[in-house]
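Student: target.txt is reproduced below (compact mmCIF, C-alpha atoms).
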# COMPACT_ATOMS: atom_id res chain seq x y z
CA MET A 1 89.66 -9.70 -41.15
CA LYS A 2 86.94 -8.13 -43.26
CA ASN A 3 87.74 -4.89 -45.05
CA PRO A 4 85.66 -2.14 -43.35
CA LEU A 5 85.24 -0.42 -46.74
CA ASP A 6 83.10 -3.35 -47.93
CA SER A 7 80.15 -2.02 -45.95
CA LEU A 8 78.72 1.48 -45.87
CA TRP A 9 78.71 1.60 -42.08
CA GLY A 10 82.33 0.41 -41.99
CA THR A 11 83.21 3.18 -44.42
CA ILE A 12 81.43 5.83 -42.36
CA ILE A 13 83.02 4.66 -39.12
CA SER A 14 86.46 4.64 -40.81
CA GLY A 15 85.84 8.22 -41.98
CA LEU A 16 84.82 9.31 -38.48
CA VAL A 17 87.88 7.68 -36.89
CA LEU A 18 90.15 9.35 -39.46
CA THR A 19 88.43 12.69 -38.80
CA VAL A 20 89.09 12.45 -35.06
CA ILE A 21 92.75 11.48 -35.59
CA LEU A 22 93.38 14.30 -38.09
CA TYR A 23 91.54 16.78 -35.86
CA PHE A 24 94.05 16.17 -33.07
CA VAL A 25 96.99 16.22 -35.50
CA VAL A 26 95.93 19.63 -36.84
CA LYS A 27 95.13 20.94 -33.36
CA SER A 28 98.60 19.96 -32.23
CA LEU A 29 100.26 21.51 -35.32
CA LEU A 30 98.36 24.78 -34.93
CA GLY A 31 98.89 24.82 -31.16
CA SER A 32 102.64 24.42 -31.58
CA GLY A 33 102.70 27.60 -33.66
CA ILE A 34 103.58 25.96 -37.00
CA MET B 1 86.20 43.76 -53.61
CA ASP B 2 88.48 41.00 -54.77
CA TYR B 3 86.60 39.27 -57.57
CA VAL B 4 89.00 36.38 -58.24
CA PRO B 5 88.81 34.72 -54.77
CA ALA B 6 85.05 35.28 -54.65
CA PHE B 7 84.61 33.63 -58.04
CA ALA B 8 87.07 30.83 -57.18
CA ARG B 9 85.22 30.09 -53.91
CA TRP B 10 81.86 29.99 -55.70
CA LEU B 11 83.20 27.67 -58.41
CA HIS B 12 85.01 25.51 -55.81
CA PHE B 13 81.73 25.01 -53.92
CA MET B 14 79.61 24.31 -57.00
CA ALA B 15 82.03 21.83 -58.55
CA GLY B 16 82.70 20.30 -55.11
CA VAL B 17 78.98 19.72 -54.54
CA MET B 18 78.76 17.99 -57.92
CA TRP B 19 81.88 15.87 -57.29
CA ILE B 20 81.07 14.73 -53.77
CA GLY B 21 77.35 14.53 -54.56
CA LEU B 22 78.04 12.06 -57.36
CA LEU B 23 80.54 10.19 -55.15
CA TYR B 24 77.77 9.73 -52.54
CA TYR B 25 75.31 8.79 -55.30
CA PHE B 26 77.66 6.02 -56.48
CA ASN B 27 78.26 4.67 -52.98
CA PHE B 28 74.92 5.18 -51.26
CA VAL B 29 72.63 4.54 -54.27
CA GLN B 30 74.19 3.00 -57.36
CA VAL B 31 76.15 0.12 -55.80
CA ALA B 32 73.02 -1.30 -54.16
CA ALA B 33 70.82 -0.44 -57.16
CA LEU B 34 73.18 -2.23 -59.54
CA LYS B 35 73.10 -5.34 -57.40
CA ALA B 36 69.28 -5.37 -57.47
CA ALA B 37 69.19 -4.51 -61.20
CA THR B 38 71.65 -7.32 -62.02
CA ALA B 39 69.38 -9.76 -60.20
CA ASP B 40 66.33 -8.82 -62.32
CA GLY B 41 68.23 -8.35 -65.59
CA THR B 42 67.89 -4.56 -65.85
CA ALA B 43 71.49 -3.58 -65.03
CA ALA B 44 72.13 -2.33 -68.58
CA GLY B 45 69.89 0.65 -67.89
CA ILE B 46 72.38 1.80 -65.27
CA THR B 47 75.65 0.64 -66.84
CA LYS B 48 74.80 1.92 -70.34
CA HIS B 49 72.86 5.08 -69.67
CA VAL B 50 73.45 6.34 -66.12
CA ALA B 51 76.98 5.40 -65.03
CA PRO B 52 78.90 6.81 -68.05
CA ARG B 53 77.12 10.18 -67.72
CA ALA B 54 77.56 10.28 -63.96
CA LEU B 55 81.27 9.42 -64.34
CA LEU B 56 81.76 12.18 -66.92
CA PHE B 57 80.50 14.89 -64.57
CA PHE B 58 82.15 13.20 -61.57
CA ARG B 59 85.71 13.16 -62.91
CA TRP B 60 85.64 16.62 -64.48
CA ALA B 61 83.95 18.19 -61.45
CA ALA B 62 86.89 16.77 -59.44
CA VAL B 63 89.36 18.63 -61.67
CA VAL B 64 87.42 21.91 -61.55
CA THR B 65 87.08 21.63 -57.75
CA TRP B 66 90.83 21.15 -57.33
CA LEU B 67 91.78 23.97 -59.73
CA ALA B 68 89.31 26.42 -58.16
CA GLY B 69 90.61 25.43 -54.72
CA ALA B 70 94.18 26.07 -55.83
CA ALA B 71 93.15 29.47 -57.19
CA LEU B 72 91.42 30.23 -53.91
CA LEU B 73 94.55 29.37 -51.92
CA SER B 74 96.51 31.60 -54.28
CA ASP B 75 99.72 32.82 -52.57
CA LYS B 76 98.95 30.57 -49.56
CA PHE B 77 99.11 27.43 -51.76
CA VAL B 78 102.61 26.39 -50.63
CA ASP B 79 101.94 27.21 -46.96
CA ALA B 80 98.79 25.07 -47.10
CA PHE B 81 100.47 22.05 -48.68
CA THR B 82 103.47 22.30 -46.34
CA LEU B 83 101.12 22.77 -43.35
CA ARG B 84 102.97 25.92 -42.26
CA HIS B 85 102.13 29.43 -41.06
CA GLY B 86 98.81 28.50 -39.48
CA MET B 87 97.59 26.75 -42.63
CA ALA B 88 97.61 23.18 -41.24
CA GLY B 89 93.79 22.99 -41.11
CA ILE B 90 93.03 23.94 -44.69
CA GLY B 91 96.29 22.22 -45.74
CA VAL B 92 95.12 18.82 -44.47
CA GLY B 93 91.83 19.43 -46.31
CA ALA B 94 93.76 20.26 -49.47
CA TRP B 95 95.91 17.12 -49.15
CA LEU B 96 92.84 14.93 -48.65
CA GLY B 97 91.17 16.52 -51.69
CA THR B 98 94.31 15.94 -53.74
CA ILE B 99 94.50 12.27 -52.74
CA MET B 100 90.82 11.94 -53.68
CA LEU B 101 91.48 13.53 -57.08
CA PHE B 102 94.30 11.03 -57.63
CA ASN B 103 91.94 8.16 -56.73
CA VAL B 104 89.40 9.43 -59.26
CA TRP B 105 91.78 9.71 -62.21
CA ALA B 106 94.32 6.96 -61.44
CA LEU B 107 92.12 4.26 -59.89
CA ILE B 108 88.39 4.82 -60.36
CA TRP B 109 88.13 6.09 -63.95
CA PRO B 110 90.63 3.71 -65.66
CA ASN B 111 89.01 0.73 -63.93
CA GLN B 112 85.46 1.94 -64.64
CA GLN B 113 86.36 2.12 -68.34
CA LYS B 114 87.13 -1.62 -68.23
CA ILE B 115 83.98 -2.43 -66.21
CA LEU B 116 81.68 -0.48 -68.54
CA GLY B 117 83.26 -1.91 -71.68
CA LEU B 118 84.73 1.41 -72.84
CA LYS B 119 88.15 -0.27 -72.84
CA PRO B 120 88.77 -3.93 -73.82
CA ALA B 121 89.25 -6.25 -70.84
CA THR B 122 88.94 -9.95 -70.05
CA ASP B 123 86.43 -11.15 -67.45
CA GLU B 124 89.26 -11.61 -64.98
CA GLU B 125 90.54 -8.08 -65.60
CA LYS B 126 86.99 -6.76 -65.21
CA ASN B 127 86.60 -8.52 -61.86
CA LYS B 128 89.87 -7.06 -60.61
CA ALA B 129 88.92 -3.62 -61.96
CA ARG B 130 85.56 -3.83 -60.16
CA ARG B 131 87.29 -4.46 -56.84
CA VAL B 132 89.91 -1.71 -57.24
CA ALA B 133 87.35 0.90 -58.39
CA PHE B 134 84.99 -0.06 -55.58
CA LEU B 135 87.63 0.21 -52.86
CA ALA B 136 89.01 3.50 -54.24
CA SER B 137 85.50 4.91 -54.32
CA ARG B 138 84.76 3.74 -50.77
CA ALA B 139 88.11 5.17 -49.61
CA ASN B 140 87.08 8.49 -51.10
CA VAL B 141 83.82 8.43 -49.10
CA ALA B 142 85.84 7.88 -45.91
CA LEU B 143 88.37 10.60 -46.87
CA SER B 144 85.56 13.03 -47.75
CA MET B 145 84.47 13.17 -44.11
CA PRO B 146 87.64 14.74 -42.64
CA MET B 147 88.20 16.60 -45.93
CA LEU B 148 84.87 18.41 -45.56
CA LEU B 149 85.56 19.25 -41.90
CA PHE B 150 88.91 20.82 -42.78
CA MET B 151 87.63 22.49 -45.94
CA ALA B 152 84.65 23.97 -44.11
CA GLY B 153 86.49 25.19 -41.03
CA GLY B 154 90.20 24.83 -41.63
CA TRP B 155 90.81 28.37 -42.76
CA SER B 156 87.99 30.58 -41.55
CA HIS B 157 86.83 28.81 -38.35
CA ARG B 158 90.03 27.88 -36.60
CA ALA B 159 88.22 28.16 -33.26
CA ILE B 160 87.13 24.54 -33.71
CA PHE B 161 90.79 23.60 -33.24
CA GLY B 162 90.95 25.52 -29.95
CA LEU B 163 92.48 28.69 -31.42
Let me see whether you can do it: turn the structure in this file into structure tokens.

Tutor:
Amino acid sequence: MKNPLDSLWGTIISGLVLTVILYFVVKSLLGSGI
Amino acid sequence: MDYVPAFARWLHFMAGVMWIGLLYYFNFVQVAALKAATADGTAAGITKHVAPRALLFFRWAAVVTWLAGAALLSDKFVDAFTLRHGMAGIGVGAWLGTIMLFNVWALIWPNQQKILGLKPATDEEKNKARRVAFLASRANVALSMPMLLFMAGGWSHRAIFGL
């Protein structure tokens, strides 16, 4: 499998996916009162 | 008025713009430019005159950004890095920024020194260094996207997380 970081679009899509995942992690942490 | 946080925020933004601006320059401009310049024999213009200067400001702007950010967090520093007491948003931003700083000083800069001939290296070592520095730099571009979301809104605009 090709490394997504080899292309600019792959890098941007990876960043967006990571942003969405971390958004829900933080939302859950803040929502649970931590 | 509290002058220290105001100054720290200003410095954090200025140095951060320089750091991430140069990171985007490397990834969106220089990588492709170097490929084209190598093909027509003009790469030395970039590798000798542009890249070392850009890397100088890049790596030190990263340090200033981190230190000013730490000063800005002040007594909330530990809460942010332990993601406690409502600091998970800015804390994740701070962790991402810290990982990026590590990438700059532990992976990108030492390998760029070999690539640019500032440190002795064989051709094989240079090829390996090129790959490691490239991937660390690209990883930082990806990490910068959530980092900027959490830096921009993690502390002052918690409404984006439904609070």

Student: Would you tabulate, counting only C-alpha atoms, all residues of chain B that have an atom at most 9 Å from an atom of chain A, showing the closest pair of atoms and their distance in Å to one decimal, sorted by chain then ascending number, as a tab-separated table?

Tutor:
residue	atom	partner	partner_atom	distance
B:Asn27	CA	A:Leu8	CA	7.8
B:Phe28	CA	A:Leu8	CA	7.6
B:Leu83	CA	A:Ile34	CA	7.5
B:Arg84	CA	A:Ile34	CA	5.3
B:His85	CA	A:Ile34	CA	5.5
B:Gly86	CA	A:Leu30	CA	5.9
B:Met87	CA	A:Leu30	CA	8.0
B:Ala88	CA	A:Val26	CA	5.9
B:Gly89	CA	A:Val26	CA	5.8
B:Val92	CA	A:Val26	CA	7.7
B:Phe134	CA	A:Asp6	CA	8.5
B:Leu135	CA	A:Leu5	CA	6.6
B:Arg138	CA	A:Leu5	CA	5.8
B:Ala139	CA	A:Leu5	CA	6.9
B:Val141	CA	A:Thr11	CA	7.1
B:Ala142	CA	A:Gly15	CA	3.9
B:Leu143	CA	A:Gly15	CA	6.0
B:Ser144	CA	A:Gly15	CA	7.5
B:Met145	CA	A:Gly15	CA	5.6
B:Pro146	CA	A:Thr19	CA	4.4
B:Met147	CA	A:Thr19	CA	8.1
B:Leu149	CA	A:Thr19	CA	7.8
B:Phe150	CA	A:Tyr23	CA	8.4
B:Ile160	CA	A:Lys27	CA	8.8
B:Phe161	CA	A:Lys27	CA	5.1
B:Gly162	CA	A:Lys27	CA	7.1
B:Leu163	CA	A:Gly31	CA	7.5

Student: Quick one: residues within 8 Å of region 21-24 of chain B, all atoms listed in the file, excluding same-chain residues fewer than 3 positions away - as a list in words?

Tutor: Gly16, Val17, Met18, Asn27, Phe28, Val29, Ala54, Phe58, Ser137, Asn140 and Val141 of chain B

Student: What separation in Å, quoted to one decimal, exists between CA of Ala8 (chain B) and CA of Ala68 (chain B)?

Tutor: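 Between CA of Ala8 (chain B) and CA of Ala68 (chain B) the gap works out to 5.0 Å.
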
Student: Just the number, please: distance in Å from CA of Thr82 (chain B) to CA of Phe102 (chain B), one decimal.

Tutor: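 A separation of 18.4 Å between them.
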
Student: Quick one: residues within 10 Å of region 121-133 of chain B, all atoms listed in the file, excluding same-chain residues fewer than 2 positions away - as a CSV table (one decimal) with C-alpha atoms, keeping the file's coordinate frame?

Tutor:
chain,number,residue,atom,x,y,z
A,6,ASP,CA,83.1,-3.4,-47.9
B,103,ASN,CA,91.9,8.2,-56.7
B,104,VAL,CA,89.4,9.4,-59.3
B,106,ALA,CA,94.3,7.0,-61.4
B,107,LEU,CA,92.1,4.3,-59.9
B,108,ILE,CA,88.4,4.8,-60.4
B,109,TRP,CA,88.1,6.1,-64.0
B,110,PRO,CA,90.6,3.7,-65.7
B,111,ASN,CA,89.0,0.7,-63.9
B,112,GLN,CA,85.5,1.9,-64.6
B,113,GLN,CA,86.4,2.1,-68.3
B,114,LYS,CA,87.1,-1.6,-68.2
B,115,ILE,CA,84.0,-2.4,-66.2
B,116,LEU,CA,81.7,-0.5,-68.5
B,117,GLY,CA,83.3,-1.9,-71.7
B,118,LEU,CA,84.7,1.4,-72.8
B,119,LYS,CA,88.2,-0.3,-72.8
B,135,LEU,CA,87.6,0.2,-52.9
B,136,ALA,CA,89.0,3.5,-54.2
B,137,SER,CA,85.5,4.9,-54.3
B,138,ARG,CA,84.8,3.7,-50.8
B,139,ALA,CA,88.1,5.2,-49.6

Student: CA of Thr65 (chain B) and CA of Phe81 (chain B), how far apart in Å?

Tutor: 16.2 Å

Student: Kindly add N, CA and C atoms to the incomplete chain A and provide the output as an mmCIF file, in the coordinates of the input.

Tutor:
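The result, stored in rebuild.cif:
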data_model
loop_
_atom_site.group_PDB
_atom_site.id
_atom_site.type_symbol
_atom_site.label_atom_id
_atom_site.label_comp_id
_atom_site.auth_asym_id
_atom_site.auth_seq_id
_atom_site.Cartn_x
_atom_site.Cartn_y
_atom_site.Cartn_z
ATOM 1 N N MET A 1 90.510 -10.819 -41.598
ATOM 2 C CA MET A 1 89.660 -9.700 -41.150
ATOM 3 C C MET A 1 88.970 -9.055 -42.353
ATOM 4 N N LYS A 2 87.705 -8.709 -42.169
ATOM 5 C CA LYS A 2 86.940 -8.130 -43.260
ATOM 6 C C LYS A 2 87.359 -6.679 -43.489
ATOM 7 N N ASN A 3 87.398 -6.278 -44.738
ATOM 8 C CA ASN A 3 87.740 -4.890 -45.050
ATOM 9 C C ASN A 3 86.568 -3.977 -44.658
ATOM 10 N N PRO A 4 86.790 -2.991 -43.787
ATOM 11 C CA PRO A 4 85.660 -2.140 -43.350
ATOM 12 C C PRO A 4 85.021 -1.377 -44.512
ATOM 13 N N LEU A 5 85.790 -1.164 -45.604
ATOM 14 C CA LEU A 5 85.240 -0.420 -46.740
ATOM 15 C C LEU A 5 84.219 -1.237 -47.545
ATOM 16 N N ASP A 6 84.097 -2.532 -47.230
ATOM 17 C CA ASP A 6 83.100 -3.350 -47.930
ATOM 18 C C ASP A 6 81.677 -2.999 -47.534
ATOM 19 N N SER A 7 81.511 -2.420 -46.344
ATOM 20 C CA SER A 7 80.150 -2.020 -45.950
ATOM 21 C C SER A 7 80.082 -0.504 -45.797
ATOM 22 N N LEU A 8 78.875 0.026 -45.990
ATOM 23 C CA LEU A 8 78.720 1.480 -45.870
ATOM 24 C C LEU A 8 78.983 1.959 -44.454
ATOM 25 N N TRP A 9 78.478 1.195 -43.478
ATOM 26 C CA TRP A 9 78.710 1.600 -42.080
ATOM 27 C C TRP A 9 80.190 1.542 -41.730
ATOM 28 N N GLY A 10 80.880 0.512 -42.226
ATOM 29 C CA GLY A 10 82.330 0.410 -41.990
ATOM 30 C C GLY A 10 83.062 1.598 -42.574
ATOM 31 N N THR A 11 82.595 2.027 -43.759
ATOM 32 C CA THR A 11 83.210 3.180 -44.420
ATOM 33 C C THR A 11 82.986 4.448 -43.605
ATOM 34 N N ILE A 12 81.763 4.624 -43.127
ATOM 35 C CA ILE A 12 81.430 5.830 -42.360
ATOM 36 C C ILE A 12 82.203 5.859 -41.040
ATOM 37 N N ILE A 13 82.276 4.715 -40.389
ATOM 38 C CA ILE A 13 83.020 4.660 -39.120
ATOM 39 C C ILE A 13 84.505 4.930 -39.369
ATOM 40 N N SER A 14 85.050 4.376 -40.461
ATOM 41 C CA SER A 14 86.460 4.640 -40.810
ATOM 42 C C SER A 14 86.672 6.140 -41.029
ATOM 43 N N GLY A 15 85.735 6.773 -41.727
ATOM 44 C CA GLY A 15 85.840 8.220 -41.980
ATOM 45 C C GLY A 15 85.792 9.015 -40.691
ATOM 46 N N LEU A 16 84.927 8.595 -39.765
ATOM 47 C CA LEU A 16 84.820 9.310 -38.480
ATOM 48 C C LEU A 16 86.102 9.159 -37.659
ATOM 49 N N VAL A 17 86.639 7.930 -37.643
ATOM 50 C CA VAL A 17 87.880 7.680 -36.890
ATOM 51 C C VAL A 17 89.014 8.530 -37.470
ATOM 52 N N LEU A 18 89.107 8.550 -38.801
ATOM 53 C CA LEU A 18 90.150 9.350 -39.460
ATOM 54 C C LEU A 18 89.965 10.841 -39.149
ATOM 55 N N THR A 19 88.711 11.287 -39.109
ATOM 56 C CA THR A 19 88.430 12.690 -38.800
ATOM 57 C C THR A 19 88.939 13.044 -37.408
ATOM 58 N N VAL A 20 88.659 12.182 -36.444
ATOM 59 C CA VAL A 20 89.090 12.450 -35.060
ATOM 60 C C VAL A 20 90.621 12.492 -34.979
ATOM 61 N N ILE A 21 91.281 11.524 -35.632
ATOM 62 C CA ILE A 21 92.750 11.480 -35.590
ATOM 63 C C ILE A 21 93.332 12.756 -36.208
ATOM 64 N N LEU A 22 92.836 13.112 -37.402
ATOM 65 C CA LEU A 22 93.380 14.300 -38.090
ATOM 66 C C LEU A 22 93.052 15.580 -37.336
ATOM 67 N N TYR A 23 91.910 15.612 -36.674
ATOM 68 C CA TYR A 23 91.540 16.780 -35.860
ATOM 69 C C TYR A 23 92.625 17.048 -34.816
ATOM 70 N N PHE A 24 93.039 15.980 -34.111
ATOM 71 C CA PHE A 24 94.050 16.170 -33.070
ATOM 72 C C PHE A 24 95.424 16.468 -33.661
ATOM 73 N N VAL A 25 95.708 15.917 -34.835
ATOM 74 C CA VAL A 25 96.990 16.220 -35.500
ATOM 75 C C VAL A 25 97.041 17.712 -35.837
ATOM 76 N N VAL A 26 95.963 18.221 -36.436
ATOM 77 C CA VAL A 26 95.930 19.630 -36.840
ATOM 78 C C VAL A 26 95.941 20.530 -35.612
ATOM 79 N N LYS A 27 95.182 20.147 -34.590
ATOM 80 C CA LYS A 27 95.130 20.940 -33.360
ATOM 81 C C LYS A 27 96.538 21.053 -32.767
ATOM 82 N N SER A 28 97.252 19.951 -32.780
ATOM 83 C CA SER A 28 98.600 19.960 -32.230
ATOM 84 C C SER A 28 99.546 20.805 -33.090
ATOM 85 N N LEU A 29 99.408 20.707 -34.424
ATOM 86 C CA LEU A 29 100.260 21.510 -35.320
ATOM 87 C C LEU A 29 99.992 23.007 -35.134
ATOM 88 N N LEU A 30 98.711 23.371 -35.069
ATOM 89 C CA LEU A 30 98.360 24.780 -34.930
ATOM 90 C C LEU A 30 98.746 25.296 -33.545
ATOM 91 N N GLY A 31 98.568 24.428 -32.536
ATOM 92 C CA GLY A 31 98.890 24.820 -31.160
ATOM 93 C C GLY A 31 100.376 25.016 -30.952
ATOM 94 N N SER A 32 101.191 24.295 -31.746
ATOM 95 C CA SER A 32 102.640 24.420 -31.580
ATOM 96 C C SER A 32 103.192 25.607 -32.357
ATOM 97 N N GLY A 33 102.303 26.360 -32.992
ATOM 98 C CA GLY A 33 102.700 27.600 -33.660
ATOM 99 C C GLY A 33 103.262 27.407 -35.056
ATOM 100 N N ILE A 34 103.091 26.193 -35.624
ATOM 101 C CA ILE A 34 103.580 25.960 -37.000
ATOM 102 C C ILE A 34 102.621 26.602 -37.987
#
